[in-house]
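A short worksheet on the structure shown next.
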Amino acid sequence: EYSHTCNNDMQTQTTTTSKVNNNNQCYRCETVAVRCDRESKIAVVSLNRPRYLNAINAQMWREIPVVFDALSEDEEVNAIVLTGEGKHFCAGIDVSSKESLFETLGDVENERDLGRRNEYLLRHIKRLQASVSSVERCRKPVVCMIKGACVGGGLDIAAACDIRMCDRTAFFSVKEVELGIVADIGSLQRLPSIVGQGRATELALTARTVKSDEAEKIGLVSKCYSDTEELERACVEVAKRMASLSPLAIQGTKRSLLNSRDSESVEKGLEYVALKNAAQLISDDLKESMNARFEKRKPVYSRL
């Protein structure tokens, strides 16, 4: 039996996905739940903050790569389904309070030295990028099962998966410009190869919401299903199908597809936006966006 612990004091979480024979609880984390079916050789990974629509807090950023790096090396797992507990996949970074937002973005207000402040932000952004990239870097194919919200950081995670499917409740958005920041975790680098450069540009610059039917039409998801139960069944069946094939061939095919997409350009794009945001992330525009959000008013930005 394979076992991995994110925190020895935390209890193993459960998942609502019922289509898997949950005969083996594998991992112990606070914000990411994992169930493994050793018979079919698949794992179901669930973002596990349903009370907050699975919004990503600092703990989840840390636990995602721990789980996916371990699953990548788990010889008893050949394919993965990634989903969210409750009614939503992921509502992006946790903006439930200013404190939680700045914890994720990297709060360096007390650092007076601009050089050290920017160096800290660069390393912080790269850690967040590495967290999401761990999904793509995982040797096992990942099927993303999307219901409800898939916005901001949630879309970053979905874009890092190999296959995406959704139900009719799903909606998508690149939300970062509404917060007064540049998306820097991977959606700007990965979406163009998924939906095309033109559509990716329009979605990123407008932050508009894409509903499930349009997501299927533009290729953001492979298939949209009528309800969550049908979606669960389809995702698990796809994962089981891949898990039943040669793991050597499956993993080699995944890597070849990523290489043909030109993964080097993704890495260069992530490096560029990390450097850019390290220099300007904590800006007056970001503060104004957050103040306006919590004061329930429209933001007023200074001229550029």
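We label chains A, B, ... in the order they appear in the structure tokens, count residues from 1 in each chain, and number ligands from 1 in the order shown.
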
Any chance you could list, as a PyMOL selection string, the residues in range 87-190 of chain A that come up alpha helix (DSSP H) when DSSP is run on the backbone?
-> chain A and resi 98-105+114-137+153-159+187-190

Residues within 8 Å of range 210-224 of chain A, please, as a PDB file with all heavy atoms, in the first residue's frame. Count only C-alpha atoms; anything in the same chain fewer than 2 positions from it doesn't count.
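Result written to result_30.pdb:
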ATOM      1  N   ILE A 163      -6.690  16.471 -20.293  1.00  0.00           N
ATOM      2  CA  ILE A 163      -8.040  16.383 -20.862  1.00  0.00           C
ATOM      3  C   ILE A 163      -8.979  17.136 -19.929  1.00  0.00           C
ATOM      4  O   ILE A 163      -8.881  17.009 -18.707  1.00  0.00           O
ATOM      5  CB  ILE A 163      -8.496  14.918 -21.001  1.00  0.00           C
ATOM      6  CG1 ILE A 163      -7.557  14.148 -21.951  1.00  0.00           C
ATOM      7  CG2 ILE A 163      -9.941  14.830 -21.496  1.00  0.00           C
ATOM      8  CD1 ILE A 163      -7.807  12.644 -21.965  1.00  0.00           C
ATOM      9  N   ARG A 164      -9.888  17.917 -20.504  1.00  0.00           N
ATOM     10  CA  ARG A 164     -10.877  18.657 -19.714  1.00  0.00           C
ATOM     11  C   ARG A 164     -12.286  18.288 -20.165  1.00  0.00           C
ATOM     12  O   ARG A 164     -12.567  18.277 -21.364  1.00  0.00           O
ATOM     13  CB  ARG A 164     -10.673  20.178 -19.869  1.00  0.00           C
ATOM     14  CG  ARG A 164      -9.456  20.720 -19.158  1.00  0.00           C
ATOM     15  CD  ARG A 164      -9.013  22.060 -19.720  1.00  0.00           C
ATOM     16  NE  ARG A 164      -8.578  21.905 -21.113  1.00  0.00           N
ATOM     17  CZ  ARG A 164      -7.390  21.435 -21.477  1.00  0.00           C
ATOM     18  NH1 ARG A 164      -6.493  21.113 -20.564  1.00  0.00           N
ATOM     19  NH2 ARG A 164      -7.087  21.292 -22.747  1.00  0.00           N
ATOM     20  N   MET A 165     -13.164  18.022 -19.191  1.00  0.00           N
ATOM     21  CA  MET A 165     -14.576  17.772 -19.467  1.00  0.00           C
ATOM     22  C   MET A 165     -15.393  18.541 -18.446  1.00  0.00           C
ATOM     23  O   MET A 165     -14.919  18.817 -17.339  1.00  0.00           O
ATOM     24  CB  MET A 165     -14.899  16.280 -19.389  1.00  0.00           C
ATOM     25  CG  MET A 165     -14.150  15.410 -20.376  1.00  0.00           C
ATOM     26  SD  MET A 165     -14.621  13.668 -20.220  1.00  0.00           S
ATOM     27  CE  MET A 165     -13.550  12.913 -21.439  1.00  0.00           C
ATOM     28  N   CYS A 166     -16.627  18.893 -18.801  1.00  0.00           N
ATOM     29  CA  CYS A 166     -17.442  19.669 -17.878  1.00  0.00           C
ATOM     30  C   CYS A 166     -18.904  19.255 -17.968  1.00  0.00           C
ATOM     31  O   CYS A 166     -19.300  18.499 -18.865  1.00  0.00           O
ATOM     32  CB  CYS A 166     -17.297  21.162 -18.144  1.00  0.00           C
ATOM     33  SG  CYS A 166     -18.142  21.760 -19.637  1.00  0.00           S
ATOM     34  N   ASP A 167     -19.715  19.771 -17.024  1.00  0.00           N
ATOM     35  CA  ASP A 167     -21.163  19.615 -17.130  1.00  0.00           C
ATOM     36  C   ASP A 167     -21.781  20.984 -17.410  1.00  0.00           C
ATOM     37  O   ASP A 167     -21.074  21.990 -17.557  1.00  0.00           O
ATOM     38  CB  ASP A 167     -21.760  18.942 -15.887  1.00  0.00           C
ATOM     39  CG  ASP A 167     -21.658  19.804 -14.632  1.00  0.00           C
ATOM     40  OD1 ASP A 167     -21.305  21.006 -14.734  1.00  0.00           O
ATOM     41  OD2 ASP A 167     -21.950  19.278 -13.534  1.00  0.00           O
ATOM     42  N   ARG A 168     -23.118  21.034 -17.486  1.00  0.00           N
ATOM     43  CA  ARG A 168     -23.805  22.262 -17.887  1.00  0.00           C
ATOM     44  C   ARG A 168     -23.691  23.394 -16.870  1.00  0.00           C
ATOM     45  O   ARG A 168     -23.982  24.547 -17.172  1.00  0.00           O
ATOM     46  CB  ARG A 168     -25.288  21.963 -18.150  1.00  0.00           C
ATOM     47  CG  ARG A 168     -25.527  21.055 -19.360  1.00  0.00           C
ATOM     48  CD  ARG A 168     -25.072  21.702 -20.642  1.00  0.00           C
ATOM     49  NE  ARG A 168     -25.235  20.829 -21.799  1.00  0.00           N
ATOM     50  CZ  ARG A 168     -24.717  21.066 -22.996  1.00  0.00           C
ATOM     51  NH1 ARG A 168     -24.003  22.160 -23.193  1.00  0.00           N
ATOM     52  NH2 ARG A 168     -24.905  20.214 -23.988  1.00  0.00           N
ATOM     53  N   THR A 169     -23.279  23.070 -15.636  1.00  0.00           N
ATOM     54  CA  THR A 169     -23.148  24.119 -14.619  1.00  0.00           C
ATOM     55  C   THR A 169     -21.834  24.873 -14.724  1.00  0.00           C
ATOM     56  O   THR A 169     -21.654  25.908 -14.071  1.00  0.00           O
ATOM     57  CB  THR A 169     -23.260  23.526 -13.208  1.00  0.00           C
ATOM     58  OG1 THR A 169     -22.099  22.712 -12.938  1.00  0.00           O
ATOM     59  CG2 THR A 169     -24.520  22.683 -13.051  1.00  0.00           C
ATOM     60  N   ALA A 170     -20.911  24.375 -15.525  1.00  0.00           N
ATOM     61  CA  ALA A 170     -19.556  24.931 -15.554  1.00  0.00           C
ATOM     62  C   ALA A 170     -19.517  26.293 -16.239  1.00  0.00           C
ATOM     63  O   ALA A 170     -20.235  26.557 -17.198  1.00  0.00           O
ATOM     64  CB  ALA A 170     -18.608  23.969 -16.262  1.00  0.00           C
ATOM     65  N   PHE A 171     -18.655  27.154 -15.711  1.00  0.00           N
ATOM     66  CA  PHE A 171     -18.357  28.445 -16.373  1.00  0.00           C
ATOM     67  C   PHE A 171     -16.902  28.790 -16.111  1.00  0.00           C
ATOM     68  O   PHE A 171     -16.315  28.389 -15.105  1.00  0.00           O
ATOM     69  CB  PHE A 171     -19.296  29.558 -15.914  1.00  0.00           C
ATOM     70  CG  PHE A 171     -19.278  29.840 -14.436  1.00  0.00           C
ATOM     71  CD1 PHE A 171     -18.463  30.830 -13.897  1.00  0.00           C
ATOM     72  CD2 PHE A 171     -20.097  29.125 -13.574  1.00  0.00           C
ATOM     73  CE1 PHE A 171     -18.449  31.094 -12.540  1.00  0.00           C
ATOM     74  CE2 PHE A 171     -20.104  29.382 -12.206  1.00  0.00           C
ATOM     75  CZ  PHE A 171     -19.283  30.363 -11.686  1.00  0.00           C
ATOM     76  N   PHE A 172     -16.304  29.542 -17.054  1.00  0.00           N
ATOM     77  CA  PHE A 172     -14.867  29.762 -17.079  1.00  0.00           C
ATOM     78  C   PHE A 172     -14.560  31.248 -17.254  1.00  0.00           C
ATOM     79  O   PHE A 172     -15.297  31.966 -17.934  1.00  0.00           O
ATOM     80  CB  PHE A 172     -14.231  28.990 -18.244  1.00  0.00           C
ATOM     81  CG  PHE A 172     -14.579  27.525 -18.280  1.00  0.00           C
ATOM     82  CD1 PHE A 172     -15.800  27.095 -18.803  1.00  0.00           C
ATOM     83  CD2 PHE A 172     -13.690  26.582 -17.801  1.00  0.00           C
ATOM     84  CE1 PHE A 172     -16.127  25.747 -18.839  1.00  0.00           C
ATOM     85  CE2 PHE A 172     -14.006  25.231 -17.831  1.00  0.00           C
ATOM     86  CZ  PHE A 172     -15.225  24.811 -18.348  1.00  0.00           C
ATOM     87  N   SER A 173     -13.450  31.692 -16.674  1.00  0.00           N
ATOM     88  CA  SER A 173     -13.035  33.078 -16.881  1.00  0.00           C
ATOM     89  C   SER A 173     -11.582  33.267 -16.465  1.00  0.00           C
ATOM     90  O   SER A 173     -11.139  32.713 -15.452  1.00  0.00           O
ATOM     91  CB  SER A 173     -13.922  34.037 -16.071  1.00  0.00           C
ATOM     92  OG  SER A 173     -13.489  35.379 -16.232  1.00  0.00           O
ATOM     93  N   ILE A 194      -4.706  25.703 -26.598  1.00  0.00           N
ATOM     94  CA  ILE A 194      -5.957  24.974 -26.352  1.00  0.00           C
ATOM     95  C   ILE A 194      -7.102  25.575 -27.166  1.00  0.00           C
ATOM     96  O   ILE A 194      -7.848  24.855 -27.832  1.00  0.00           O
ATOM     97  CB  ILE A 194      -6.310  24.988 -24.852  1.00  0.00           C
ATOM     98  CG1 ILE A 194      -5.227  24.256 -24.048  1.00  0.00           C
ATOM     99  CG2 ILE A 194      -7.676  24.328 -24.601  1.00  0.00           C
ATOM    100  CD1 ILE A 194      -5.374  24.398 -22.546  1.00  0.00           C
ATOM    101  N   VAL A 195      -7.252  26.895 -27.133  1.00  0.00           N
ATOM    102  CA  VAL A 195      -8.393  27.544 -27.806  1.00  0.00           C
ATOM    103  C   VAL A 195      -7.966  28.438 -28.959  1.00  0.00           C
ATOM    104  O   VAL A 195      -8.826  28.998 -29.646  1.00  0.00           O
ATOM    105  CB  VAL A 195      -9.236  28.360 -26.799  1.00  0.00           C
ATOM    106  CG1 VAL A 195      -9.768  27.471 -25.702  1.00  0.00           C
ATOM    107  CG2 VAL A 195      -8.437  29.524 -26.220  1.00  0.00           C
ATOM    108  N   ARG A 208     -14.256  38.059 -19.505  1.00  0.00           N
ATOM    109  CA  ARG A 208     -15.662  37.675 -19.607  1.00  0.00           C
ATOM    110  C   ARG A 208     -15.867  36.206 -19.260  1.00  0.00           C
ATOM    111  O   ARG A 208     -14.928  35.406 -19.280  1.00  0.00           O
ATOM    112  CB  ARG A 208     -16.202  37.971 -21.001  1.00  0.00           C
ATOM    113  CG  ARG A 208     -15.742  37.044 -22.106  1.00  0.00           C
ATOM    114  CD  ARG A 208     -16.471  37.358 -23.402  1.00  0.00           C
ATOM    115  NE  ARG A 208     -16.046  36.492 -24.510  1.00  0.00           N
ATOM    116  CZ  ARG A 208     -16.575  35.303 -24.760  1.00  0.00           C
ATOM    117  NH1 ARG A 208     -17.533  34.824 -23.985  1.00  0.00           N
ATOM    118  NH2 ARG A 208     -16.144  34.587 -25.786  1.00  0.00           N
ATOM    119  N   SER A 226     -24.619  16.600 -19.664  1.00  0.00           N
ATOM    120  CA  SER A 226     -25.863  17.214 -19.201  1.00  0.00           C
ATOM    121  C   SER A 226     -25.938  17.382 -17.695  1.00  0.00           C
ATOM    122  O   SER A 226     -26.561  18.315 -17.199  1.00  0.00           O
ATOM    123  CB  SER A 226     -27.067  16.407 -19.691  1.00  0.00           C
ATOM    124  OG  SER A 226     -26.992  15.065 -19.209  1.00  0.00           O
ATOM    125  N   LEU A 231     -21.100  13.319 -16.101  1.00  0.00           N
ATOM    126  CA  LEU A 231     -19.724  13.806 -16.194  1.00  0.00           C
ATOM    127  C   LEU A 231     -18.774  12.915 -15.398  1.00  0.00           C
ATOM    128  O   LEU A 231     -17.705  12.542 -15.897  1.00  0.00           O
ATOM    129  CB  LEU A 231     -19.654  15.250 -15.676  1.00  0.00           C
ATOM    130  CG  LEU A 231     -18.255  15.855 -15.502  1.00  0.00           C
ATOM    131  CD1 LEU A 231     -17.550  15.999 -16.844  1.00  0.00           C
ATOM    132  CD2 LEU A 231     -18.352  17.203 -14.781  1.00  0.00           C
TER     133      LEU A 231
END

Using only C-alpha atoms, determine which residues lie at most 12 Å from Leu245 in chain A, disregarding the query and same-chain residues fewer than 2 positions distant; provide the list as a list of chain:residue names.
->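 Within the cut-off, the hits are A:Ser40, A:Lys41, A:Asn78, A:Ala79, A:Lys140, A:Pro141, A:Val238, A:Ala239, A:Lys240, A:Arg241, A:Met242, A:Ala243, A:Pro247, A:Leu248, A:Ala249, A:Ile250, A:Gln251, A:Thr253.
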
Run DSSP on the backbone and grab whatever in range 197-286 of chain A lands in strand (DSSP E); send it over as an MDAnalysis selection string.
-> chainID A and resid 210:211 223:225

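Take the candidates A:Met145, A:Val34, A:Ile64, A:Ala91 and check each one against Asp227 in chain A using only C-alpha atoms; the shortest distance goes to A:Met145.
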
For CA of Gly153 in chain A and CA of Glu271 in chain A, quote the distance in Å rounded to one decimal.
-> 17.4 Å

Using only C-alpha atoms, find each residue in range 129-166 of chain A having at least one atom no more than 12 Å away from range 112-125 of chain A; report its shortest atom-to-atom pair and that distance in Å (one decimal), rows by chain then rising number, as CSV.
residue,atom,partner,partner_atom,distance
A:Gln129,CA,A:Ile125,CA,6.2
A:Ala130,CA,A:Ile125,CA,8.6
A:Ser131,CA,A:Ile125,CA,9.9
A:Val132,CA,A:Ile125,CA,11.1
